[in-house]
file coords-v8.txt (compact mmCIF, C-alpha atoms)
# COMPACT_ATOMS: atom_id res chain seq x y z
CA MET A 1 -10.20 -9.49 3.50
CA LEU A 2 -11.82 -9.97 0.08
CA ASP A 3 -15.32 -9.65 1.55
CA GLU A 4 -14.26 -6.45 3.31
CA LEU A 5 -12.80 -4.99 0.14
CA VAL A 6 -15.91 -5.77 -1.90
CA ALA A 7 -18.22 -4.38 0.77
CA GLY A 8 -16.17 -1.18 0.94
CA ALA A 9 -16.18 -0.80 -2.83
CA LEU A 10 -19.95 -1.18 -2.93
CA GLU A 11 -20.41 1.38 -0.16
CA ASP A 12 -18.25 3.86 -2.03
CA ALA A 13 -20.16 3.19 -5.25
CA ALA A 14 -23.43 3.83 -3.42
CA ALA A 15 -22.11 7.19 -2.22
CA ARG A 16 -21.16 8.14 -5.78
CA ARG A 17 -24.54 6.97 -7.06
CA ALA A 18 -26.26 9.31 -4.61
CA GLU A 19 -24.57 12.21 -6.40
CA ARG A 20 -24.63 10.77 -9.94
CA ASP A 21 -27.43 8.30 -10.54
CA LEU A 22 -27.34 5.24 -12.77
CA ALA A 23 -29.21 6.90 -15.64
CA ARG A 24 -26.64 9.69 -15.85
CA VAL A 25 -23.66 7.34 -15.61
CA GLU A 26 -25.17 5.05 -18.23
CA ALA A 27 -25.67 8.00 -20.57
CA ASP A 28 -22.08 9.11 -20.00
CA ALA A 29 -20.85 5.58 -20.69
CA LEU A 30 -22.76 5.34 -23.96
CA ALA A 31 -21.48 8.76 -25.04
CA ARG A 32 -17.81 7.77 -24.75
CA GLU A 33 -15.72 7.02 -27.80
CA PRO A 34 -15.50 3.26 -28.54
CA ALA A 35 -13.25 1.25 -26.25
CA VAL A 36 -9.78 0.27 -27.44
CA ASP A 37 -9.56 -3.37 -28.55
CA ALA A 38 -7.80 -4.92 -25.56
CA VAL A 39 -7.90 -8.46 -26.96
CA ALA A 40 -5.92 -7.36 -30.01
CA ALA A 41 -3.45 -5.45 -27.83
CA LEU A 42 -2.85 -8.40 -25.53
CA ALA A 43 -2.94 -11.21 -28.11
CA PRO A 44 -0.05 -13.71 -27.87
CA GLY A 45 3.08 -12.75 -29.76
CA SER A 46 6.78 -13.52 -29.89
CA ARG A 47 7.29 -12.32 -26.32
CA VAL A 48 5.32 -11.88 -23.13
CA LYS A 49 3.35 -8.65 -23.06
CA ILE A 50 3.06 -6.49 -19.96
CA ILE A 51 0.18 -4.70 -18.30
CA ALA A 52 1.84 -1.96 -16.24
CA GLU A 53 -0.01 -0.80 -13.16
CA VAL A 54 -0.62 2.57 -11.53
CA LYS A 55 -0.71 1.50 -7.89
CA ARG A 56 -0.12 3.63 -4.80
CA ALA A 57 -0.69 1.08 -2.04
CA SER A 58 -2.07 -2.35 -1.18
CA PRO A 59 -3.43 -4.06 1.94
CA SER A 60 -0.54 -6.51 1.94
CA ARG A 61 2.33 -4.08 1.28
CA GLY A 62 1.06 -0.76 2.59
CA GLU A 63 2.21 2.46 0.92
CA LEU A 64 4.17 1.84 -2.28
CA ALA A 65 4.50 5.19 -4.04
CA ALA A 66 2.91 8.64 -3.92
CA ILE A 67 2.18 8.84 -7.69
CA THR A 68 1.14 12.48 -7.75
CA ASP A 69 0.76 12.35 -11.55
CA PRO A 70 -0.73 9.03 -12.68
CA ALA A 71 -1.01 10.24 -16.27
CA ALA A 72 2.72 10.95 -16.47
CA LEU A 73 3.50 7.51 -15.06
CA ALA A 74 1.19 5.91 -17.62
CA VAL A 75 2.93 7.79 -20.43
CA SER A 76 6.26 6.44 -19.21
CA TYR A 77 4.79 2.92 -19.26
CA GLN A 78 3.62 3.45 -22.83
CA THR A 79 7.09 4.73 -23.77
CA GLY A 80 8.68 1.69 -22.13
CA GLY A 81 6.66 -0.76 -24.20
CA ALA A 82 3.66 -1.74 -22.06
CA SER A 83 0.70 -3.23 -23.95
CA ALA A 84 -1.94 -1.94 -21.51
CA ILE A 85 -2.21 0.17 -18.37
CA SER A 86 -3.92 -1.01 -15.17
CA VAL A 87 -5.28 1.66 -12.84
CA LEU A 88 -6.30 0.87 -9.27
CA THR A 89 -9.48 2.85 -8.62
CA GLU A 90 -10.24 1.49 -5.13
CA GLY A 91 -9.67 4.28 -2.64
CA ARG A 92 -9.78 2.81 0.86
CA ARG A 93 -6.85 0.40 0.77
CA PHE A 94 -5.20 1.11 -2.59
CA GLY A 95 -5.36 4.92 -2.69
CA GLY A 96 -6.85 5.07 -6.18
CA SER A 97 -9.81 6.80 -7.82
CA LEU A 98 -11.79 7.04 -11.02
CA ALA A 99 -10.11 10.41 -11.53
CA ASP A 100 -6.82 8.52 -11.86
CA LEU A 101 -8.34 6.36 -14.57
CA GLU A 102 -9.75 9.36 -16.43
CA SER A 103 -6.41 11.15 -16.41
CA VAL A 104 -4.59 8.03 -17.65
CA ARG A 105 -7.17 7.45 -20.39
CA ALA A 106 -6.64 11.00 -21.65
CA ALA A 107 -2.86 10.61 -21.71
CA VAL A 108 -2.26 7.26 -23.46
CA GLU A 109 -3.43 5.32 -26.50
CA LEU A 110 -3.11 1.89 -24.89
CA PRO A 111 -6.05 -0.06 -23.44
CA VAL A 112 -6.76 0.94 -19.84
CA LEU A 113 -7.95 -1.51 -17.19
CA ARG A 114 -10.18 -0.50 -14.30
CA LYS A 115 -8.85 -2.62 -11.46
CA ASP A 116 -11.28 -2.58 -8.57
CA PHE A 117 -13.71 -4.80 -6.70
CA ILE A 118 -16.51 -4.79 -9.24
CA ALA A 119 -19.74 -6.38 -8.03
CA GLU A 120 -22.65 -4.46 -9.58
CA PRO A 121 -23.63 -2.92 -12.94
CA TYR A 122 -23.23 0.67 -11.73
CA GLN A 123 -19.49 0.14 -11.37
CA VAL A 124 -19.27 -1.23 -14.92
CA PHE A 125 -21.04 1.81 -16.36
CA GLU A 126 -18.72 4.01 -14.27
CA ALA A 127 -15.72 2.25 -15.78
CA ARG A 128 -16.85 2.91 -19.37
CA ALA A 129 -17.87 6.49 -18.53
CA ALA A 130 -14.34 7.08 -17.21
CA GLY A 131 -12.81 5.61 -20.36
CA ALA A 132 -11.91 2.06 -19.31
CA ASP A 133 -11.37 -0.54 -22.00
CA LEU A 134 -10.96 -3.49 -19.64
CA VAL A 135 -12.70 -4.24 -16.35
CA LEU A 136 -11.50 -6.66 -13.69
CA LEU A 137 -13.92 -9.33 -12.50
CA ILE A 138 -12.71 -11.42 -9.56
CA VAL A 139 -14.34 -14.86 -9.67
CA ALA A 140 -13.86 -15.41 -5.92
CA ALA A 141 -15.88 -12.29 -5.16
CA LEU A 142 -18.94 -13.11 -7.29
CA ASP A 143 -21.61 -15.78 -7.50
CA ASP A 144 -22.18 -17.46 -10.86
CA ARG A 145 -25.18 -15.33 -11.86
CA THR A 146 -23.53 -12.01 -11.01
CA LEU A 147 -20.29 -13.03 -12.69
CA ALA A 148 -22.12 -13.93 -15.91
CA GLU A 149 -24.29 -10.80 -15.89
CA LEU A 150 -21.36 -8.44 -15.34
CA HIS A 151 -19.29 -10.23 -17.97
CA THR A 152 -22.11 -9.82 -20.47
CA LEU A 153 -22.61 -6.15 -19.63
CA ILE A 154 -18.89 -5.42 -20.04
CA GLY A 155 -19.02 -6.94 -23.51
CA GLU A 156 -22.19 -5.09 -24.45
CA LEU A 157 -20.44 -1.81 -23.64
CA GLY A 158 -17.61 -2.74 -25.98
CA MET A 159 -15.09 -3.45 -23.22
CA THR A 160 -13.20 -6.61 -22.32
CA ALA A 161 -13.38 -8.42 -18.99
CA LEU A 162 -10.18 -9.59 -17.35
CA VAL A 163 -11.57 -12.50 -15.34
CA GLU A 164 -9.29 -13.19 -12.38
CA THR A 165 -8.96 -16.66 -10.86
CA HIS A 166 -7.09 -18.33 -8.02
CA SER A 167 -7.93 -22.03 -8.41
CA ALA A 168 -8.86 -24.72 -10.92
CA ALA A 169 -12.54 -24.39 -10.01
CA GLU A 170 -12.39 -20.64 -10.61
CA VAL A 171 -10.70 -21.11 -13.99
CA ASP A 172 -13.53 -23.44 -14.97
CA ARG A 173 -16.10 -20.85 -13.86
CA ALA A 174 -14.35 -18.19 -15.95
CA LEU A 175 -14.38 -20.42 -19.02
CA ASP A 176 -18.04 -21.33 -18.45
CA ILE A 177 -19.06 -17.69 -18.98
CA GLY A 178 -16.98 -17.43 -22.14
CA ALA A 179 -14.07 -15.39 -20.79
CA THR A 180 -11.54 -14.52 -23.48
CA VAL A 181 -9.00 -13.05 -21.06
CA VAL A 182 -8.25 -15.06 -17.91
CA GLY A 183 -5.87 -13.98 -15.18
CA VAL A 184 -4.34 -16.16 -12.49
CA ASN A 185 -3.44 -14.14 -9.41
CA ALA A 186 -0.60 -15.58 -7.36
CA ARG A 187 -1.88 -13.66 -4.33
CA ASP A 188 -4.56 -15.41 -2.29
CA LEU A 189 -7.10 -12.64 -1.64
CA THR A 190 -8.25 -14.24 1.60
CA THR A 191 -4.82 -14.64 3.20
CA PHE A 192 -2.73 -12.40 0.87
CA GLU A 193 -0.04 -15.09 0.69
CA LEU A 194 1.82 -15.51 -2.61
CA ASP A 195 2.35 -18.64 -4.69
CA ARG A 196 4.40 -17.89 -7.80
CA ASP A 197 3.84 -21.43 -9.08
CA LEU A 198 0.05 -21.19 -9.04
CA PHE A 199 -0.10 -19.86 -12.59
CA GLY A 200 1.93 -22.77 -13.93
CA SER A 201 -0.30 -25.28 -12.17
CA LEU A 202 -3.41 -23.82 -13.83
CA ALA A 203 -2.16 -22.66 -17.24
CA ASP A 204 -2.98 -25.93 -19.02
CA ARG A 205 -6.64 -25.58 -18.00
CA ILE A 206 -6.87 -22.38 -20.07
CA PRO A 207 -7.34 -23.34 -23.74
CA SER A 208 -5.59 -21.79 -26.71
CA GLY A 209 -7.48 -18.80 -27.96
CA VAL A 210 -7.93 -17.47 -24.42
CA ILE A 211 -5.35 -14.90 -23.33
CA ARG A 212 -3.51 -16.09 -20.21
CA ILE A 213 -2.37 -13.44 -17.76
CA ALA A 214 -0.09 -14.01 -14.78
CA GLU A 215 -0.71 -11.57 -11.94
CA SER A 216 1.35 -10.77 -8.82
CA ALA A 217 4.66 -12.12 -7.47
CA VAL A 218 6.75 -10.17 -9.99
CA LEU A 219 9.71 -8.46 -8.33
CA ASP A 220 12.47 -8.78 -10.93
CA PRO A 221 12.97 -9.90 -14.55
CA SER A 222 13.49 -13.54 -13.56
CA ASP A 223 9.85 -13.67 -12.44
CA VAL A 224 8.73 -12.64 -15.93
CA THR A 225 10.94 -15.38 -17.39
CA HIS A 226 9.37 -17.84 -14.96
CA TYR A 227 5.86 -16.91 -16.07
CA ARG A 228 6.84 -16.99 -19.76
CA GLU A 229 8.16 -20.52 -19.37
CA ALA A 230 4.95 -21.49 -17.58
CA GLY A 231 2.88 -20.35 -20.57
CA ALA A 232 1.83 -16.78 -19.80
CA ASP A 233 0.89 -14.53 -22.70
CA VAL A 234 0.80 -11.43 -20.51
CA VAL A 235 2.19 -10.47 -17.10
CA LEU A 236 0.62 -7.78 -14.94
CA ILE A 237 3.21 -5.82 -12.93
CA GLY A 238 2.57 -3.18 -10.30
CA GLU A 239 4.78 -2.90 -7.24
CA ALA A 240 8.09 -3.51 -9.01
CA LEU A 241 7.38 -0.69 -11.44
CA VAL A 242 6.08 1.95 -9.04
CA ARG A 243 8.92 1.36 -6.57
CA GLY A 244 11.61 1.72 -9.23
CA GLU A 245 13.36 5.02 -9.90
CA ASN A 246 13.12 4.68 -13.68
CA PRO A 247 9.90 2.94 -14.80
CA VAL A 248 10.85 3.04 -18.48
CA GLU A 249 14.16 1.28 -17.87
CA THR A 250 12.59 -1.20 -15.46
CA LEU A 251 9.83 -2.03 -17.91
CA GLU A 252 12.32 -2.55 -20.73
CA GLN A 253 14.22 -5.02 -18.53
CA PHE A 254 11.02 -6.95 -17.80
CA LEU A 255 10.12 -7.03 -21.49
CA ALA A 256 13.56 -8.35 -22.38
CA ALA A 257 13.10 -11.16 -19.86
CA GLY A 258 9.84 -12.12 -21.56
CA ALA A 259 11.32 -12.32 -25.05

call {"tool": "encode", "arguments": {"input": "coords-v8.txt", "output": "structure tokens"}}
result
Amino acid sequence: MLDELVAGALEDAAARRAERDLARVEADALAREPAVDAVAALAPGSRVKIIAEVKRASPSRGELAAITDPAALAVSYQTGGASAISVLTEGRRFGGSLADLESVRAAVELPVLRKDFIAEPYQVFEARAAGADLVLLIVAALDDRTLAELHTLIGELGMTALVETHSAAEVDRALDIGATVVGVNARDLTTFELDRDLFGSLADRIPSGVIRIAESAVLDPSDVTHYREAGADVVLIGEALVRGENPVETLEQFLAAGA
């Protein structure tokens, strides 16, 4: 599944590149206002912080929510106390787009994460051109050289990489490239099975000074408490927020559980 998602993302990027070449996207990226400091926004505090996600669908769960106005949803997340906004920009299986990211960036002051299957520099320049402050890098999807090169490029453009891992070996690879923000995804991207205890089993491998993010397997406030007790600085939440009738109220409940 992961290989399929990466291949699809690269095909879609190639189609966009045919209409808007790398030189133009690079120029647009360099012309953007400076990225918001995501490390400062997500730094450990007295409670767990939350990255709230704009997410219409997923391969494992199917359709989640229509989200006709991603900017309005992002504003409600900001109102509810989120520390950053994640925007799915993959279109084939998640129903997202760069237009979603652009609209969110224009509507909120928080750092915005481009969450996609990033595997080449063009996609990184696209992210900055659209206003992203963070870019997801999935260790399982990248060889060591590509991972390091993309991580460096993200930093050179003033953004922050959220380096996602799923095992001890992947955590070590993330730290080897100097990642300052490391996520542990409870969802196995090859089988899509969930293991809520995976974060806790890996948290001690992530040293102090590196922001630790728990991703996936969050359905109610008790899951945020679980991750807080396991050592998470930040929890990324998608499905539970987009399925709820009142995202502000739901987010406030999750934040209370992380206090």

call {"tool": "closest_residue", "arguments": {"input": "coords-v8.txt", "among": "A:Asp197, A:Glu120, A:Asp69, A:Glu53", "to": "Val87 in chain A", "atoms": "all atoms listed in the file"}}
result
A:Glu53

call {"tool": "atom_distance", "arguments": {"input": "coords-v8.txt", "atom1": "CA of Pro70 in chain A", "atom2": "CA of Leu101 in chain A"}}
result
8.3 Å

call {"tool": "residues_around", "arguments": {"input": "coords-v8.txt", "residues": "Arg93 in chain A", "least_positions_apart": "4", "cutoff": "8 Å", "atoms": "all atoms listed in the file", "output": "PDB file with C-alpha atoms, in the coordinates of the input"}}
result
ATOM      1  CA  ALA A  57      -0.690   1.080  -2.040  1.00  0.00           C
ATOM      2  CA  SER A  58      -2.070  -2.350  -1.180  1.00  0.00           C
ATOM      3  CA  PRO A  59      -3.430  -4.060   1.940  1.00  0.00           C
TER       4      PRO A  59
END

call {"tool": "residues_around", "arguments": {"input": "coords-v8.txt", "residues": "Ala140 in chain A", "least_positions_apart": "4", "cutoff": "12 Å", "atoms": "all atoms listed in the file", "output": "PyMOL selection string"}}
result
chain A and resi 1-3+6+117-119+136+144+146-147+163-171+173-174+184-185+188-190

call {"tool": "residues_around", "arguments": {"input": "coords-v8.txt", "residues": "Ser97 in chain A", "least_positions_apart": "3", "cutoff": "12 Å", "atoms": "only C-alpha atoms", "output": "list in words"}}
result
Ala9, Asp12, Ala13, Arg16, Val54, Lys55, Arg56, Pro70, Val87, Leu88, Thr89, Glu90, Gly91, Arg92, Arg93, Phe94, Asp100, Leu101, Glu102, Ser103, Val104, Arg114, Lys115, Asp116, Glu126, Ala127 and Ala130 of chain A

call {"tool": "write_last_selection", "arguments": {"input": "coords-v8.txt", "atoms": "C-alpha atoms", "output": "PDB file, in the frame of the given file"}}
result
ATOM      1  CA  ALA A   9     -16.180  -0.800  -2.830  1.00  0.00           C
ATOM      2  CA  ASP A  12     -18.250   3.860  -2.030  1.00  0.00           C
ATOM      3  CA  ALA A  13     -20.160   3.190  -5.250  1.00  0.00           C
ATOM      4  CA  ARG A  16     -21.160   8.140  -5.780  1.00  0.00           C
ATOM      5  CA  VAL A  54      -0.620   2.570 -11.530  1.00  0.00           C
ATOM      6  CA  LYS A  55      -0.710   1.500  -7.890  1.00  0.00           C
ATOM      7  CA  ARG A  56      -0.120   3.630  -4.800  1.00  0.00           C
ATOM      8  CA  PRO A  70      -0.730   9.030 -12.680  1.00  0.00           C
ATOM      9  CA  VAL A  87      -5.280   1.660 -12.840  1.00  0.00           C
ATOM     10  CA  LEU A  88      -6.300   0.870  -9.270  1.00  0.00           C
ATOM     11  CA  THR A  89      -9.480   2.850  -8.620  1.00  0.00           C
ATOM     12  CA  GLU A  90     -10.240   1.490  -5.130  1.00  0.00           C
ATOM     13  CA  GLY A  91      -9.670   4.280  -2.640  1.00  0.00           C
ATOM     14  CA  ARG A  92      -9.780   2.810   0.860  1.00  0.00           C
ATOM     15  CA  ARG A  93      -6.850   0.400   0.770  1.00  0.00           C
ATOM     16  CA  PHE A  94      -5.200   1.110  -2.590  1.00  0.00           C
ATOM     17  CA  ASP A 100      -6.820   8.520 -11.860  1.00  0.00           C
ATOM     18  CA  LEU A 101      -8.340   6.360 -14.570  1.00  0.00           C
ATOM     19  CA  GLU A 102      -9.750   9.360 -16.430  1.00  0.00           C
ATOM     20  CA  SER A 103      -6.410  11.150 -16.410  1.00  0.00           C
ATOM     21  CA  VAL A 104      -4.590   8.030 -17.650  1.00  0.00           C
ATOM     22  CA  ARG A 114     -10.180  -0.500 -14.300  1.00  0.00           C
ATOM     23  CA  LYS A 115      -8.850  -2.620 -11.460  1.00  0.00           C
ATOM     24  CA  ASP A 116     -11.280  -2.580  -8.570  1.00  0.00           C
ATOM     25  CA  GLU A 126     -18.720   4.010 -14.270  1.00  0.00           C
ATOM     26  CA  ALA A 127     -15.720   2.250 -15.780  1.00  0.00           C
ATOM     27  CA  ALA A 130     -14.340   7.080 -17.210  1.00  0.00           C
TER      28      ALA A 130
END

call {"tool": "atom_distance", "arguments": {"input": "coords-v8.txt", "atom1": "CA of Val242 in chain A", "atom2": "CA of Glu63 in chain A"}}
result
10.7 Å

call {"tool": "atom_distance", "arguments": {"input": "coords-v8.txt", "atom1": "CA of Leu113 in chain A", "atom2": "CA of Leu162 in chain A"}}
result
8.4 Å

call {"tool": "residues_near_point", "arguments": {"input": "coords-v8.txt", "point": "(2.9, 1.3, -22.8)", "cutoff": "12 Å", "atoms": "all atoms listed in the file", "output": "NGL selection string"}}
result
:A and (41-42 or 49-54 or 71-86 or 104 or 107-112 or 247-248 or 251-252 or 255)

call {"tool": "closest_residue", "arguments": {"input": "coords-v8.txt", "among": "A:Arg47, A:Arg105, A:Arg196, A:His151", "to": "Asp233 in chain A", "atoms": "all atoms listed in the file"}}
result
A:Arg47

call {"tool": "residues_around", "arguments": {"input": "coords-v8.txt", "residues": "Ile211 in chain A", "least_positions_apart": "3", "cutoff": "7 Å", "atoms": "only C-alpha atoms", "output": "list in words"}}
result
Ala43, Thr180, Val181, Val182 and Asp233 of chain A

call {"tool": "residues_around", "arguments": {"input": "coords-v8.txt", "residues": "Val48 in chain A", "least_positions_apart": "2", "cutoff": "10 Å", "atoms": "only C-alpha atoms", "output": "PyMOL selection string"}}
result
chain A and resi 42-46+50+83+213+224-225+227-229+231-235+254-259

call {"tool": "write_last_selection", "arguments": {"input": "coords-v8.txt", "atoms": "C-alpha atoms", "output": "tab-separated table (two decimals), in the coordinates of the input"}}
result
chain	number	residue	atom	x	y	z
A	42	LEU	CA	-2.85	-8.40	-25.53
A	43	ALA	CA	-2.94	-11.21	-28.11
A	44	PRO	CA	-0.05	-13.71	-27.87
A	45	GLY	CA	3.08	-12.75	-29.76
A	46	SER	CA	6.78	-13.52	-29.89
A	50	ILE	CA	3.06	-6.49	-19.96
A	83	SER	CA	0.70	-3.23	-23.95
A	213	ILE	CA	-2.37	-13.44	-17.76
A	224	VAL	CA	8.73	-12.64	-15.93
A	225	THR	CA	10.94	-15.38	-17.39
A	227	TYR	CA	5.86	-16.91	-16.07
A	228	ARG	CA	6.84	-16.99	-19.76
A	229	GLU	CA	8.16	-20.52	-19.37
A	231	GLY	CA	2.88	-20.35	-20.57
A	232	ALA	CA	1.83	-16.78	-19.80
A	233	ASP	CA	0.89	-14.53	-22.70
A	234	VAL	CA	0.80	-11.43	-20.51
A	235	VAL	CA	2.19	-10.47	-17.10
A	254	PHE	CA	11.02	-6.95	-17.80
A	255	LEU	CA	10.12	-7.03	-21.49
A	256	ALA	CA	13.56	-8.35	-22.38
A	257	ALA	CA	13.10	-11.16	-19.86
A	258	GLY	CA	9.84	-12.12	-21.56
A	259	ALA	CA	11.32	-12.32	-25.05

call {"tool": "closest_residue", "arguments": {"input": "coords-v8.txt", "among": "A:Ala141, A:Ile67, A:Leu30, A:Ala148", "to": "Glu4 in chain A", "atoms": "only C-alpha atoms"}}
result
A:Ala141

call {"tool": "closest_residue", "arguments": {"input": "coords-v8.txt", "among": "A:Gln123, A:Ser208, A:Thr160, A:Thr68", "to": "Leu10 in chain A", "atoms": "only C-alpha atoms"}}
result
A:Gln123

call {"tool": "closest_residue", "arguments": {"input": "coords-v8.txt", "among": "A:Met159, A:Val25, A:Leu241, A:Ala217", "to": "Asp195 in chain A", "atoms": "all atoms listed in the file"}}
result
A:Ala217

call {"tool": "decode", "arguments": {"input": "coords-v8.txt", "residues": "range 187-255 of chain A", "atoms": "C-alpha atoms", "output": "compact mmCIF listing (two decimals), in the first residue's frame"}}
result
# COMPACT_ATOMS: atom_id res chain seq x y z
CA ARG A 187 -0.68 2.76 11.83
CA ASP A 188 1.47 0.30 9.90
CA LEU A 189 1.50 1.74 6.38
CA THR A 190 2.00 -1.67 4.81
CA THR A 191 -0.89 -3.44 6.56
CA PHE A 192 -2.78 -0.40 7.96
CA GLU A 193 -3.15 -2.17 11.31
CA LEU A 194 -3.00 -0.03 14.46
CA ASP A 195 -0.80 -0.44 17.54
CA ARG A 196 -1.52 2.27 20.10
CA ASP A 197 1.39 1.08 22.25
CA LEU A 198 3.99 1.51 19.51
CA PHE A 199 4.72 5.10 20.50
CA GLY A 200 5.41 4.14 24.10
CA SER A 201 7.78 1.38 23.04
CA LEU A 202 9.85 3.84 20.98
CA ALA A 203 9.60 7.10 22.92
CA ASP A 204 12.74 6.48 25.00
CA ARG A 205 14.81 6.21 21.82
CA ILE A 206 13.96 9.84 21.00
CA PRO A 207 16.26 12.11 23.04
CA SER A 208 15.26 15.24 24.91
CA GLY A 209 15.42 18.24 22.65
CA VAL A 210 13.63 16.37 19.86
CA ILE A 211 9.88 16.94 19.69
CA ARG A 212 8.00 13.63 20.01
CA ILE A 213 4.73 13.32 18.14
CA ALA A 214 2.24 10.47 18.50
CA GLU A 215 0.22 9.86 15.35
CA SER A 216 -2.94 7.79 14.75
CA ALA A 217 -5.11 5.63 17.04
CA VAL A 218 -6.76 8.64 18.69
CA LEU A 219 -10.53 8.19 18.96
CA ASP A 220 -11.35 9.79 22.32
CA PRO A 221 -9.68 11.83 25.08
CA SER A 222 -8.38 8.73 26.87
CA ASP A 223 -6.09 8.09 23.90
CA VAL A 224 -4.51 11.51 24.35
CA THR A 225 -4.00 10.75 28.05
CA HIS A 226 -2.41 7.44 27.06
CA TYR A 227 0.05 9.17 24.74
CA ARG A 228 0.81 11.89 27.30
CA GLU A 229 1.70 9.26 29.89
CA ALA A 230 3.89 7.53 27.31
CA GLY A 231 5.90 10.72 26.81
CA ALA A 232 4.35 12.45 23.81
CA ASP A 233 4.88 16.19 23.43
CA VAL A 234 2.34 16.45 20.61
CA VAL A 235 -0.53 14.31 19.34
CA LEU A 236 -1.74 14.46 15.74
CA ILE A 237 -5.51 13.93 15.45
CA GLY A 238 -7.55 13.62 12.29
CA GLU A 239 -10.51 11.24 12.11
CA ALA A 240 -11.89 11.97 15.58
CA LEU A 241 -12.03 15.68 14.81
CA VAL A 242 -13.50 15.58 11.31
CA ARG A 243 -16.19 13.08 12.31
CA GLY A 244 -17.33 15.14 15.30
CA GLU A 245 -20.21 17.59 15.07
CA ASN A 246 -18.40 20.32 16.99
CA PRO A 247 -14.63 20.35 16.29
CA VAL A 248 -13.95 23.18 18.74
CA GLU A 249 -15.60 21.35 21.61
CA THR A 250 -13.99 18.04 20.65
CA LEU A 251 -10.56 19.64 20.44
CA GLU A 252 -10.99 21.28 23.84
CA GLN A 253 -11.82 17.88 25.34
CA PHE A 254 -8.68 16.36 23.83
CA LEU A 255 -6.55 19.23 25.11
